[in-house]
Structures are given as C-alpha cells and as structure tokens.
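Student: Take this structure first; my questions come after.
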Amino acid sequence: MSKDDEKPEVVAPEGGSVEIFKVESRFARLAKRSGGIDLKQAVDAGQQAIDKMAEAYPDWLASDLETLVSQVGELATGDADSANEAVYRTAMSIRDLGSTFGYFLVTQSGDLLCELLVRKRRAGNVDATDIQPFIDAIRLVATPRFKGIEAGESRGLLDGLRQIIARYPGPTVARKTD
Amino acid sequence: MTNTLQLKGTSILVADASKHIQNVVKGILRQFGCADPVAVSDGSAALSAYRERLFDAVICESLLPELSGFDFVRAVRRLDDPVTAFNPIILLTSHTQKENIFTARDAGTTAVLAKPISPKLLFERLMWVSNDGRSFVRTPNYIGPDRRFHDVPVPAEQERRSDWLRAVEDKERTTAANHGD
C-alpha cells in the first residue's frame with residue numbers, strides 16, 4: 001500500500017478551527033493480522049526474555065551503582081545542577097529495573113532515592129548530603145537473599161531511608177479551608 | 001476487536017536513556033515477534049531516527065535527555081507526513097502523577113505505560129493502541145488522538161468545537177431524522 005492510500009480521511013475543512021479525522025495506522029493494520037499471539041503467550045514469551053536477561057542483571061545493577069557513585073562524587077566537584085540531573089536519571093534506571101527482575105526492594109529503595117533527590121532539589125540542596133545511605137541500602141537489597149521479597153514483607157528495612165527523606169519538605173498538599 | 005497481536009513485519013522505535021531498559025524492552029518485543037526494534041538514548045536521536053526511517057510505532061521515555069519524550073511527541077505530531085505523524089506513541093514514565101499524565105495526553109501521546117516494565121503491561125498497551133478507534137484532532141494548539149476517551153456528550157457550556165462543526169452535526173442529525181433513522 002502506498003503512502004497516498006494511507007492518508008487520513010479529513011472530515012472537517014482545512015483552515016477550520018478544528019479538524020477531526022480517522023486514521024488507521026499501519027501498526028494497527030499489521031497488528032490485527034492473523035497468526036499473532038495472545039496475552040498468555042505474550043506473558044510466557046516475554047518472561048523467557050526476562051529470564052535470559054536475569055543473568056546479566058546483577059552486572060547491569062553493579063554498573064549503574066558504579067555510575068551513581070561517580071555522579072554523586074561530581075555533585076561536590078562539578079556542575080551541581082547537571083550532576084544532580086545525572087544522579088536522578090541513574091536512580092531512575094535502578095528503580096525501573098529492579099521489579100522487572102524480581103528485586104522489588106531495589107525498586108523501592110531506588111524510588112526512595114528519587115524522592116530524596118526531588119525533595120533536596122526543591123529545598124535548593126543539590127549536594128551529596130544524605131545520599132550514601134540510599135546507595136548502601138540498594139547494595140544490600142540487591143543481594144540474592146532479597147530477591148522476590150515485596151516491600152510489604154520487609155517492614156522496617158527501609159524506614160531509616162524514609163526518616164532521612166522526612167528531613168526535607170514534602171510536596172505541598174492543598175488543604176480544604178471549609 | 002482482536003485479542004491477539006501480530007508484530008511480525010512491524011518496525012518499532014524504542015527511546016530510553018538507560019541502555020539496560022532499552023535491552024529489556026527490545027528483548028520483550030523480539031519475543032512478541034518484532035524482529036528488529038531500534039533503540040536510541042535521547043530525544044534528539046529519536047527524532048532523527050524517526051525522520052530517517054519508516055517506523056510503525058514508538059515506545060519512548062518521558063524524561064529523555066536533549067529533547068524530552070513530551071517534546072518528541074509534539075514534534076512527531078507536527079510532521080508534514082500524515083502517515084508518520086499519526087503513528088501510535090507509547091510514553092514510558094516512572095512518574096504517574098496526574099500532572100504528568102495530563103502533560104503526556106496534551107502532547108498527543110497515544111498511551112502511557114508506567115515503569116517498571118513487565119511483558120503483561122507492555123503487551124496490553126500494544127494491544128490497546130492497535131485497537132484504539134479514537135479519531136485524531138488538529139487544532140491550533142493540539143494535534144493528536146481525541147483526548148476524550150469516553151463517548152459522553154459534552155455539556156453545551158463546555159463545548160469548545162467550532163460553530164462550523166456543530167452546524168455540520170446539526171445538519172446530519174436533521175437529515176437522519178428526515179430519513180427516519
């Protein structure tokens with residue numbers, strides 16, 4: 001099918017304040033063809049991919065932690081704002097991968113590190129203060145004995161991190177006045 | 001609506017600053033049948049790749065360096081080519097607060113997928129966008145899928161569409177009534 005065949009059907013005139021038109025994307029057409037996979041097949045197949053990558057995950061995490069430590073070091077010596085952004089991105093990567101590989105507490109402690117960074121930045125504090133305990137906690141919960149443990153099952157483990165976060169002002173919550 | 005997804009022959013662009021997350025998304029997509037997903041690490045590279053090659057869908061992180069995922073979506077929706085401008089774009093985000101979802105929606109995003117990624121959630125989003133029957137809307141301030149997900153009548157005082165469009169709809173209703181529909 002040529003590109004001209006795929007042009008959307010515009011149902012309002014050019015130059016009007018609103019144009020509304022239907023588009024069936026090539027993706028939608030291809031995806032609906034026969035021979036596809038259903039949810040169960042997809043979950044099984046996708047899990048196989050994750051199981052294969054799980055062997056590499058400890059190395060990925062170690063690499064992210066090494067990067068994080070180096071970036072935290074730059075908070076004191078380099079451009080603090082850009083270093084802070086870099087630290088935040090690496091913290092996000094750590095947080096976003098943990099649960100995918102069954103390390104729920106890595107995601108949880110990475111999430112708390114992100115929260116700390118957001119609060120510190122909001123408070124105008126972009127130095128390395130208070131970050132190290134979060135790195136230590138991530139290292140701890142990244143060990144195999146913590147794999148598969150959900151946040152709810154680890155009461156108290158991350159409370160120390162939450163207490164550190166509480167030193168910085170949280171998001172402003174609108175209060176009802178009436 | 002189908003309940004299966006056929007990704008053989010599709011071309012999908014993945015944009016995420018983390019190489020590890022790129023690997024996870026590409027690995028899952030390959031298992032779903034997409035033979036050769038392409039990955040880039042920042043928003044500018046994503047836009048360059050998107051302009052150079054015909055992709056069928058995009059999965060991109062909202063906080064990309066260089067050009068954010070939101071700005072990437074806005075730029076795609078403003079491309080001159082009507083085929084590529086209206087492709088499905090799934091925005092990955094770790095920030096599912098309401099304001100981020102609204103920003104994604106107002107940029108012209110087709111769907112949002114919260115991290116951490118799982119095969120189930122990724123499959124469900126891909127299924128959803130393949131069955132998404134919403135119209136596209138182009139106004140001076142917005143180009144993208146219709147932001148109203150439900151077919152609920154808009155109260156008259158909130159109606160913001162042009163008088164012209166309303167006149168067309170009135171005429172269609174009158175014509176239908178005259179034909180006894």
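How things are named: the first chain in the structure tokens is A, the next is B, and so on; residues count from 1 in each chain; ligands count from 1 in the order shown.
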Considering only C-alpha atoms, extract the chain B residues located within 6 Å of chain A and return them as a ChimeraX atom specification.

Tutor: /B:4-7,27-28,31,56,87,115-116,119-120,130,135-139,162

Student: Pull the strand (DSSP E) assignments for segment 13-141 of chain B out of DSSP run on the backbone, and list those residues as a ChimeraX atom specification.

Tutor: /B:13-15,38-40,57-61,89-93,111-114,136-138

Student: Save out the residues we just selected, N, CA, C and O atoms, as an mmCIF file, in the first residue's frame.

Tutor:
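The file below, part_31.cif, is the result:
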data_model
loop_
_atom_site.group_PDB
_atom_site.id
_atom_site.type_symbol
_atom_site.label_atom_id
_atom_site.label_comp_id
_atom_site.auth_asym_id
_atom_site.auth_seq_id
_atom_site.Cartn_x
_atom_site.Cartn_y
_atom_site.Cartn_z
ATOM 1 N N LEU B 13 10.378 1.848 17.232
ATOM 2 C CA LEU B 13 11.488 2.648 17.781
ATOM 3 C C LEU B 13 11.355 2.707 19.302
ATOM 4 O O LEU B 13 10.271 3.014 19.818
ATOM 5 N N VAL B 14 12.445 2.411 20.003
ATOM 6 C CA VAL B 14 12.467 2.463 21.468
ATOM 7 C C VAL B 14 13.437 3.567 21.877
ATOM 8 O O VAL B 14 14.577 3.594 21.418
ATOM 9 N N ALA B 15 12.987 4.498 22.723
ATOM 10 C CA ALA B 15 13.872 5.585 23.167
ATOM 11 C C ALA B 15 13.887 5.630 24.688
ATOM 12 O O ALA B 15 12.844 5.862 25.313
ATOM 13 N N VAL B 38 14.492 -0.847 17.067
ATOM 14 C CA VAL B 38 15.657 0.053 17.050
ATOM 15 C C VAL B 38 15.632 0.877 18.334
ATOM 16 O O VAL B 38 14.574 1.372 18.726
ATOM 17 N N ALA B 39 16.787 1.033 19.001
ATOM 18 C CA ALA B 39 16.812 1.787 20.256
ATOM 19 C C ALA B 39 17.763 2.974 20.176
ATOM 20 O O ALA B 39 18.830 2.890 19.551
ATOM 21 N N VAL B 40 17.354 4.073 20.781
ATOM 22 C CA VAL B 40 18.203 5.270 20.884
ATOM 23 C C VAL B 40 18.135 5.777 22.322
ATOM 24 O O VAL B 40 17.237 5.396 23.080
ATOM 25 N N ALA B 57 5.554 2.351 15.095
ATOM 26 C CA ALA B 57 5.159 2.740 16.456
ATOM 27 C C ALA B 57 6.410 3.143 17.233
ATOM 28 O O ALA B 57 7.527 2.808 16.841
ATOM 29 N N VAL B 58 6.186 3.890 18.303
ATOM 30 C CA VAL B 58 7.302 4.354 19.133
ATOM 31 C C VAL B 58 6.982 4.065 20.602
ATOM 32 O O VAL B 58 5.840 4.238 21.043
ATOM 33 N N ILE B 59 8.009 3.608 21.327
ATOM 34 C CA ILE B 59 7.893 3.470 22.790
ATOM 35 C C ILE B 59 8.993 4.348 23.353
ATOM 36 O O ILE B 59 10.176 4.074 23.152
ATOM 37 N N CYS B 60 8.629 5.458 23.993
ATOM 38 C CA CYS B 60 9.691 6.370 24.445
ATOM 39 C C CYS B 60 9.467 6.853 25.877
ATOM 40 O O CYS B 60 8.336 7.001 26.335
ATOM 41 N N GLU B 61 10.569 7.053 26.565
ATOM 42 C CA GLU B 61 10.562 7.533 27.959
ATOM 43 C C GLU B 61 10.194 9.020 27.974
ATOM 44 O O GLU B 61 10.560 9.772 27.064
ATOM 45 N N ILE B 89 2.158 6.274 19.690
ATOM 46 C CA ILE B 89 3.330 6.542 20.534
ATOM 47 C C ILE B 89 2.954 6.202 21.973
ATOM 48 O O ILE B 89 2.007 6.755 22.527
ATOM 49 N N ILE B 90 3.707 5.268 22.546
ATOM 50 C CA ILE B 90 3.501 4.889 23.952
ATOM 51 C C ILE B 90 4.590 5.569 24.771
ATOM 52 O O ILE B 90 5.777 5.410 24.489
ATOM 53 N N LEU B 91 4.175 6.348 25.744
ATOM 54 C CA LEU B 91 5.145 7.070 26.581
ATOM 55 C C LEU B 91 5.409 6.266 27.854
ATOM 56 O O LEU B 91 4.480 5.943 28.589
ATOM 57 N N LEU B 92 6.679 5.928 28.061
ATOM 58 C CA LEU B 92 7.080 5.239 29.292
ATOM 59 C C LEU B 92 7.331 6.290 30.365
ATOM 60 O O LEU B 92 7.975 7.300 30.078
ATOM 61 N N THR B 93 6.865 6.047 31.553
ATOM 62 C CA THR B 93 7.160 7.010 32.614
ATOM 63 C C THR B 93 7.226 6.340 33.977
ATOM 64 O O THR B 93 6.530 5.364 34.236
ATOM 65 N N ALA B 111 -0.749 6.434 24.346
ATOM 66 C CA ALA B 111 -0.957 5.698 25.603
ATOM 67 C C ALA B 111 0.253 5.895 26.499
ATOM 68 O O ALA B 111 1.345 6.210 26.020
ATOM 69 N N VAL B 112 0.046 5.711 27.788
ATOM 70 C CA VAL B 112 1.133 5.840 28.762
ATOM 71 C C VAL B 112 1.360 4.466 29.397
ATOM 72 O O VAL B 112 0.406 3.733 29.657
ATOM 73 N N LEU B 113 2.624 4.116 29.602
ATOM 74 C CA LEU B 113 2.963 2.849 30.249
ATOM 75 C C LEU B 113 3.868 3.138 31.437
ATOM 76 O O LEU B 113 4.950 3.707 31.280
ATOM 77 N N ALA B 114 3.388 2.767 32.623
ATOM 78 C CA ALA B 114 4.173 3.033 33.840
ATOM 79 C C ALA B 114 5.296 2.013 33.985
ATOM 80 O O ALA B 114 5.110 0.828 33.721
ATOM 81 N N PHE B 136 -8.417 11.419 15.235
ATOM 82 C CA PHE B 136 -7.377 12.405 15.502
ATOM 83 C C PHE B 136 -7.985 13.798 15.441
ATOM 84 O O PHE B 136 -8.935 14.039 14.707
ATOM 85 N N VAL B 137 -7.418 14.692 16.217
ATOM 86 C CA VAL B 137 -7.921 16.064 16.283
ATOM 87 C C VAL B 137 -6.760 17.001 15.990
ATOM 88 O O VAL B 137 -5.651 16.798 16.496
ATOM 89 N N ARG B 138 -7.014 17.997 15.145
ATOM 90 C CA ARG B 138 -5.984 19.017 14.897
ATOM 91 C C ARG B 138 -6.602 20.385 15.163
ATOM 92 O O ARG B 138 -7.606 20.744 14.555
#

Student: Apply DSSP to the backbone of this structure and, from segment 37-150 of chain B, keep only the residues in helix (DSSP H, G or I); write these as an MDAnalysis selection string.

Tutor: chainID B and resid 43:52 69:77 82:85 98:107 119:130

Student: List the spatial neighbours of Ala80 of chain A as a ChimeraX atom specification - criterion: any atom at most 9 Å away, only C-alpha atoms, same-chain residues fewer than 5 positions off excluded.

Tutor: /A:74-75,85,126-127

Student: Under the rule that only C-alpha atoms are counted, which of B:Ile143, B:Phe70, B:Lys98, B:Trp128 is the nearest residue to Ala85 of chain B?

Tutor: B:Ile143

Student: In Å to one decimal, how far is atom CA of Phe55 of chain B from atom CA of Lys8 of chain B?

Tutor: 13.2 Å

Student: With only C-alpha atoms as the basis for distance, which of A:Leu68, A:Ala151, A:Gln163, A:Gly102 is at the shortest distance from Ser118 of chain B?

Tutor: A:Gly102

Student: Taking 5 positions as the minimum chain separation for residues in the same chain, which residues sit within 9 Å of Leu140 of chain A when counting only C-alpha atoms? Answer as a PyMOL selection string.

Tutor: chain A and resi 106+135+146

Student: Excluding Tyr142 of chain B and residues on its chain fewer than 5 positions from it, collect all residues at most 9 Å away from it, counting only C-alpha atoms, and give them as a list in words.

Tutor: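 Here the qualifying residues turn out to be Arg74, Arg77, Asp106, Ala107, Gly108 and Val137 of chain B.
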
Student: Go ahead and save the picked residues with N, CA, C and O atoms, as a PDB file, in the first residue's frame.

Tutor:
ATOM      1  N   ARG B  74       5.249  15.905  20.574  1.00  0.00           N
ATOM      2  CA  ARG B  74       4.730  17.119  19.918  1.00  0.00           C
ATOM      3  C   ARG B  74       5.350  17.285  18.542  1.00  0.00           C
ATOM      4  O   ARG B  74       4.666  17.637  17.571  1.00  0.00           O
ATOM      5  N   ARG B  77       3.896  14.787  16.012  1.00  0.00           N
ATOM      6  CA  ARG B  77       2.518  15.120  15.608  1.00  0.00           C
ATOM      7  C   ARG B  77       2.484  16.294  14.629  1.00  0.00           C
ATOM      8  O   ARG B  77       1.496  16.481  13.920  1.00  0.00           O
ATOM      9  N   ASP B 106      -1.761  15.782  26.606  1.00  0.00           N
ATOM     10  CA  ASP B 106      -1.845  17.048  25.869  1.00  0.00           C
ATOM     11  C   ASP B 106      -0.739  17.200  24.832  1.00  0.00           C
ATOM     12  O   ASP B 106      -0.815  18.074  23.962  1.00  0.00           O
ATOM     13  N   ALA B 107       0.311  16.372  24.950  1.00  0.00           N
ATOM     14  CA  ALA B 107       1.361  16.390  23.919  1.00  0.00           C
ATOM     15  C   ALA B 107       0.920  15.615  22.682  1.00  0.00           C
ATOM     16  O   ALA B 107       1.487  15.796  21.602  1.00  0.00           O
ATOM     17  N   GLY B 108      -0.092  14.748  22.840  1.00  0.00           N
ATOM     18  CA  GLY B 108      -0.552  13.946  21.705  1.00  0.00           C
ATOM     19  C   GLY B 108      -0.165  12.477  21.807  1.00  0.00           C
ATOM     20  O   GLY B 108      -0.206  11.740  20.820  1.00  0.00           O
ATOM     21  N   VAL B 137      -7.418  14.692  16.217  1.00  0.00           N
ATOM     22  CA  VAL B 137      -7.921  16.064  16.283  1.00  0.00           C
ATOM     23  C   VAL B 137      -6.760  17.001  15.990  1.00  0.00           C
ATOM     24  O   VAL B 137      -5.651  16.798  16.496  1.00  0.00           O
TER      25      VAL B 137
END

Student: Do you know which residues are at most 12 Å from Arg162 of chain A counting only C-alpha atoms, after dropping those on the same chain fewer than 2 positions away, and could you put them as a ChimeraX atom specification?

Tutor: /A:108-116,130,133-134,137,156-160,164-168,170

Student: Can you list, as a list in words, every protein, DNA or RNA residue that comes within 7 Å of Glu66 of chain B when you count only C-alpha atoms, leaving out same-chain residues fewer than 4 positions away?

Tutor: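 Counting only C-alpha atoms, the residues come to Asp42, Gly43 and Ser44 of chain B.
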